[in-house]
Every structure is written in structure tokens, then in C-alpha cells.
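*Asks:* Dumping the structure here so I can ask a few things about it.
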Number of protein chains: 2
Amino acid sequence: MNNKLISSIKPFYVMEILEKAQEYERDGRSVSHLEIGEPTEQIHPLIKKEAKRAIDDNHDKYSNSLGLIELRDLISRRYKSDFNLDVSTEKIIITNGSSAALILALISILEKDDEIILIEPYYPCYPQLVKIFGGKIRVFRTSSKDGYQVNLKKFKDFLSSETKAVIINSPSNPTGVSQNKEVIEFLSSLDIKIISDEIYQGLNYLDNKDTILNYSAEGIVVNGFSKFYSMTGWRLGYLIVPEKYIRVIQKLQQNMYICAPTISQYAAIGALNITEEDISMLVLSYRKKRDFMMSSLLDMGMDIGYMPDSSFYIFANMENYCTNSLDLSLDILDKVGLGVAPGLDFGPSFKKYIRFSYSSSFENIEIGLGKMKEYIKEYK
Amino acid sequence: MNNKLISSIKPFYVMEILEKAQEYERDGRSVSHLEIGEPTEQIHPLIKKEAKRAIDDNHDKYSNSLGLIELRDLISRRYKSDFNLDVSTEKIIITNGSSAALILALISILEKDDEIILIEPYYPCYPQLVKIFGGKIRVFRTSSKDGYQVNLKKFKDFLSSETKAVIINSPSNPTGVSQNKEVIEFLSSLDIKIISDEIYQGLNYLDNKDTILNYSAEGIVVNGFSKFYSMTGWRLGYLIVPEKYIRVIQKLQQNMYICAPTISQYAAIGALNITEEDISMLVLSYRKKRDFMMSSLLDMGMDIGYMPDSSFYIFANMENYCTNSLDLSLDILDKVGLGVAPGLDFGPSFKKYIRFSYSSSFENIEIGLGKMKEYIKEYK
């Protein structure tokens, strides 16, 4: 067994919460889930329709390794209509979820022991994937007092001659913050590669939808259909890469994945045909949930200290209530039946934080926040 | 860019044939495809039904990272009914195609520069994946005069103290041969790990369906739904691992894939409920195609020299016709509009061989073989 690698891969602490929650549920206790970063929205009927049509029409064999050309074209046109950007279809590669997009990007750029900068708090998979593919991690910390924006001066000083790339995630899991234009512009001006994980793109509540491609044609975009279109189980993502990477990524794709799931690719064509009106309603509904959760948490006296403007997360500092939020999360679950995500998953500096997700129904959020209020009142 | 790795990843030569074939087809020429290792059979109605039901019922979010328990249970029961083996559901992990199963297995066992033995001719992805994940390749050659069986004596001498594992593929792509009981038994007795790629399991025409688990509980099984059930585009496979690997693989799965496509998992439940009668008819139809292709090729005077007994491939020695079968394949395509797979993809020792696939319809096979006959008669 590859003991060295394996012992370096950490479990997700949120899984401990989830497993405990499931145990309680099996015992008949009702649990509210604000720990899960997965939209519970039903998918749009157009997505179902296209998927079922593909099944009926037997369009279920391997696709081209780069993906269905119709889907790649639609994505290209989307960048034109959303950002007035010309993104050639050639540069768009359909992948098995955004996980695969990230892996393909990492393998393409990483040489053994290359240094990759992560912006803390970060999506928990980043450090693990960098480790699996042989890179070295350096963690650049952001904080609520800067609104979780990257401090440009500090970042410049933080860079080393060994730095190969930075992974940014804007909008962010777990903070629900998008990096400012100035930050992205600055990062794009540096002589390092940027992997820009834009999986929450479009879930923006400040008219601040953005992409690295607005600043640099050299940026590598990771995106997908899981979050915005609630298509998590369909495992469909995409990569946009500079032209010189296309052949390389294609070779890796052929060997590692063959192609993305074909039915899911047709389903995604359905997703990209959803009307503007339906899309606006979806974004508005998330925005209302954000507003409600934010004001409820502030009413309880939670220390948040910034305004989340995108994705579906709020990250709260719980240092007044705990020394380790994993214990706190387990206690909240135990006392009032509410699941929240412990901050340690998102980086060691945030072990006193917890992440609340508003990806579920308004009703669930309301019940969950009621439980949180009860917990604070009764037990703290 | 990771230039060292990237330049070491070879393109598939068969892709050159395919691309050329598509070019001809765009120009209006009719091409017969015997180069493709993908079943063209329509999937069984039960598979469609379960997939569509899952879509209607909104069972399309992330599944458990190990896979749907119902599906894992069905696979476990299948090992009981097929082989009278008790394979615990715990040890079965559902993956994004058998590609992911192989990758998870490799990462779990490989440490940098570990030696992995491949049996030549081999599935073209094996050497590439071993390279991507940092292993060293040693190639053990088999030949038609041994019926592509592993020679036990030679293999024993071939082992080094550095050997970590061997990858076997029985039934095999490209030879269409299953390793004998004695071979598998012998390999299982050695002090190395065995990754047993059993993706063609069940496509056996000599009542020789088998699994490494009949010989060793330590064997790692890679399997999936693509070949037997013609579900290539659904990207669904599975791994069976010794208990000690489960946690490790789960951690890797969570980070690298999250889970296998959920709709595909429900579709696979449909596949495992297909009646014995329908399964027998499927196997019989492949067997008839094998018989027809084999006798046609022998009639043309092809040098095959062994009896393919499984999967859907026949591997022919073309040294009387070429010094490099890639050129030969391109010439066959050009002269008579027939695609075949050049042997170089399956290992350097086989660069004068070509692989014929009988995974398409009887009619296509008949037309394709007619073209081959014409080529031999007119041009050689």
C-alpha cells in the first residue's frame, strides 16, 4: 500500500457530521442539514427532457474524448453572451465533473515538488489533489476583516521563485465571497499559472459574475453543471485551457476518463437552453435565502464580519463558543439536531469556524436556523 | 507545462485511423469500422427503464462515495450466483468507469518508481496510467504460439525484487484470450499484488468465465458495465478490493471523483436484473460473430495461430504484409474503406499485428471482412 500518500490524505471532517447525522436519523431523530454543499433543488424539466431523449435515441455510447461538439459550442456561445468573450470551442473540454477538470489541469502543469498556492480558507479537495499529484502546497491566508479578499501586497511578498501556480475559487466555498476585479486582475499579471475554479459562477448577488478569462487568456477555467444547475449526480464539468494544452489534456482524458458521461452531456445541453427568466428566478431565490440566513445569524450574535455575495455559503467565526469547531459541530448536532460543517476542513487557520450552507429549501433553512438559535440560547 | 510526463504519454494510433476514417466519411466514402473496441448493441430496455425512472424520481444528486448500496448488494449477489463466492458488499466500490477503478487501484498500491509488470500485448492505457501515477513499467511478452498464455516458468524468472504488482486483463483486449486457470492460480501464489482487469468477464465462449477472486482474496478486481452491457457512455465501473484498502479508496474517491454518476448507477441496477435468457442470447450472438470472423480471416490466409475464446477481438500477425501495421492500417482504410486497429497500440513487440473487433453488428462485420478480402486479393 502507498502508505506515505495515503496517510497524508485527510478525511473530510464534515463526513463525521454527516455520518453521525445519519445515525441519529436511523434512530428516528429529525436532523436539519445545513452542512451539505449540494443544492437540493430539483433539476429543470429541460434537463430531464434532453437526458431522456438521449436515452430513447440511444445516444449513450462514448462521446468524443473532448466532449459533444454541440455542448462545447453552446458553452462557447454562453461566454459570448455573458461576457462578450470569444472562447473558441476548441479550448473547451467536457469532463467527468469539475473534479476531473481540476485533476486534468493539475496534472498538465505540475512537475514533482512544484509549489502550488492555495487561498485559505479553501475547498477541502485542493490540498489533497495537489498531494496526490506530487505538488507542494503553500497556503496564503485571507480573513474576514479583508472580506476574504486576497491582499495584493501580502500576496506579492508571499510568492517564491518556486511558485508554479495558484488555485483560486471565486465565488468561494466556504466563504461565499467573490474576489474583486482588482484581485483577479493582479493575479493575472503575475508570472504564475492560475487555475480558476468557477464552479459557483452565476450564483452572484451583487451583479459581480466574472471569469478569469476577462483578465487573461492564459487562465485555466474549471467549471461545471453541479452547483448552478443542481446537477451534482450527473458528474459533468468542463475545462477551458490555453490552446497549447488542448492536445495534452486530450491525451490525459483518453487515458484517464475516455470521455465524460454521454447522457449527462445531453442533459447539460438542456441546462444551457433554460430561459433567462428561469435563471433569474433561481438566482433571486438563492439571494433571498442568503439574506434570510445572514440576518438570522447576525440576530443570534454570530461573528461573521463580512458580506457573502455569491455561492451558497456563510462562514462564521465561532471562537467565542469553542476551541475546535469539530467538537462544537458534533455538540450542535447532538443537542438540537442541526448539521453544520466544521472549519478545519477548509484550512488549519479556521478550526474555530463553521460553514452554514443555504443550498437547501427555504423551509429547511428556516428550521435549521431555529435550531441554531435554540442551541445558542440554551447551551452557550 | 509538465513536459516530461506529457511527452511520455503516447497518442493512440487507432485514433489516427479513426480520424482518417471520419475524414473519408465526411467526404461521402463509406467506411467499415472493425477498429473500434466498443459494442454497438443497443442497451437492454431494462437499463433504459431504470435510468429514466431515476430521472423522473429525482434520484440524481451525489450518491454515497462508495456507490448506491442497492447496486453494490446486487454485484455481491452476482458473485455468489456466478461463482459461489462470498464477496462482501463492503469491498465493492462503484467507480466512474473501469478507468477510474484502475486509477484508484494504481494510486492505492503505487509508490514512486515501483515496478509494475504488464502482460504484452496489453490494453493501451495501462502503460500510460502507470507512468502518470509514477510507476515503472516492465513488459512481459506473450505470443500466439503459447495461445497468449503467460508462460509460468518464464514469468517466475522475469520477476524482480522490485516488482510491486502485475496487471492482468483476462479476457484480453487485444487478443480475445482468457488466461488459463493454472496461470491465474500461479500468479495468485506469488508475493506480488494483482490488479485483475475483468472488464470483458462474461464474454466467454468456452464456459471459462472466471475471476481472480476464485484464487485469491487479495486480488484487486477492476470491472464495469461498458463492455458486457454495452453501456460505454454511462461511465460506470467497479472495484473489488481487500478490506484494508476500503478506507483508502474511499478517501481517494471523495477527493478525485466524489462519486460515480448517479443515473448510471440506477441504470446498472437495471442491467443486473436482465434475465439469464437474454444474457445467454447476447453471449451466443458474440460467439457466432467470433466464429464467423475467425473462419473468414483464416480463409483469407491470415496468420492468427491461436483460438480467441472471449471478449470481442482477434489479433492477427501481418508480418507477411507489412513492416509496420500503422502504415498497413492506413493503406487498408485508403484502398477499401476498412478500419482496423494497428498493433503498436498494444505494445512495441506487436507493431506488425492488427486487431479486428467483432463488437459491431453481424452485417457490418460481414461487409468489413468482405473489404479485407478484397484488400488482400487486390493489393497484396
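Ordered as shown in the C-alpha cells, chains take letters A, B, and onward, while each chain numbers its residues from 1 and ligands are numbered from 1 in the order shown.
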Would you list which chain B residues are within 8 Å of chain A using only C-alpha atoms, as a ChimeraX atom specification?

*Replies:* /B:1-2,6,9-11,40,42-43,48,52,55-56,58,60-63,96-97,99-100,103,107-111,125,128-129,133,230-235,248,251-252,255-263

*Asks:* Would you give me, as a ChimeraX atom specification, the residues in range 175-218 of chain B that DSSP reads as strand (DSSP E)?

*Replies:* /B:193-197

*Asks:* Quick one: of B:Lys154, B:Lys377, B:Lys145, B:Lys181, who's nearest to Met307 in chain B, counting only C-alpha atoms?

*Replies:*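 The shortest atom-to-atom distance to Met307 in chain B comes from B:Lys145.
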
*Asks:* Smallest atom-to-atom distance to Ser8 in chain B: which of B:Leu330, B:Val241, B:Val130, B:Leu344, using only C-alpha atoms?

*Replies:* B:Val130

*Asks:* Could you tell me how far CA of Ile36 in chain A lies from CA of Lys289 in chain A, in Å and to one decimal?

*Replies:*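 Computing it gives 15.0 Å between the two atoms.
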
*Asks:* Excluding Pro121 in chain B and any residue of its chain fewer than 3 positions from it, enumerate the residues within 12 Å of it, using only C-alpha atoms, and give them as an NGL selection string.

*Replies:* :B and (117-118 or 124-127 or 139-144 or 147-150 or 167-170 or 172-177 or 315-316 or 342-351 or 353-355)

*Asks:* Mind dumping the selected residues with C-alpha atoms as a short mmCIF file (atom, residue, chain, number, x, y, z; two decimals), in the first residue's frame?

*Replies:*
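As a result, out-v4.cif now contains:
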```cif
data_model
loop_
_atom_site.label_atom_id
_atom_site.label_comp_id
_atom_site.auth_asym_id
_atom_site.auth_seq_id
_atom_site.Cartn_x
_atom_site.Cartn_y
_atom_site.Cartn_z
CA ILE B 117 4.54 -5.72 -14.84
CA LEU B 118 2.33 -5.52 -17.90
CA PRO B 124 -3.02 0.72 -24.39
CA CYS B 125 -3.98 2.76 -21.33
CA TYR B 126 -2.04 0.60 -18.86
CA PRO B 127 1.48 1.89 -19.53
CA VAL B 139 6.73 -5.69 -20.05
CA PHE B 140 6.34 -9.46 -20.09
CA ARG B 141 5.69 -10.74 -23.58
CA THR B 142 3.27 -13.48 -24.56
CA SER B 143 2.87 -14.90 -28.04
CA SER B 144 0.36 -16.59 -30.28
CA GLY B 147 -2.03 -19.01 -27.19
CA TYR B 148 -1.10 -15.71 -25.46
CA GLN B 149 -0.96 -17.54 -22.14
CA VAL B 150 1.58 -16.37 -19.58
CA ILE B 167 -1.85 -6.05 -14.23
CA ILE B 168 -3.68 -8.85 -15.96
CA ASN B 169 -6.54 -8.47 -18.40
CA SER B 170 -8.44 -11.70 -18.80
CA SER B 172 -7.92 -9.79 -23.00
CA ASN B 173 -8.00 -6.79 -25.23
CA PRO B 174 -6.49 -7.20 -27.91
CA THR B 175 -6.14 -10.98 -28.13
CA GLY B 176 -9.57 -12.18 -27.06
CA VAL B 177 -7.92 -14.80 -24.88
CA PHE B 315 -5.29 -10.34 -33.12
CA ALA B 316 -3.55 -11.20 -36.38
CA PRO B 342 -2.70 -1.11 -35.51
CA GLY B 343 -0.81 -3.42 -33.17
CA LEU B 344 1.66 -0.82 -31.94
CA ASP B 345 -1.02 0.45 -29.54
CA PHE B 346 -0.79 -2.85 -27.69
CA GLY B 347 2.96 -2.96 -27.25
CA PRO B 348 6.14 -2.48 -29.30
CA SER B 349 6.56 -6.21 -29.95
CA PHE B 350 3.32 -6.22 -31.90
CA LYS B 351 3.89 -3.47 -34.40
CA TYR B 353 -0.08 -7.04 -35.89
CA ILE B 354 -3.57 -5.74 -36.32
CA ARG B 355 -6.63 -6.13 -34.14
#
```

*Asks:* Which residue, A:Arg290, A:Glu319, A:Ile94, A:Leu71, has the smallest gap to Ser359 in chain A when you use only C-alpha atoms?

*Replies:*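 Smallest distance to Ser359 in chain A is found for A:Arg290.
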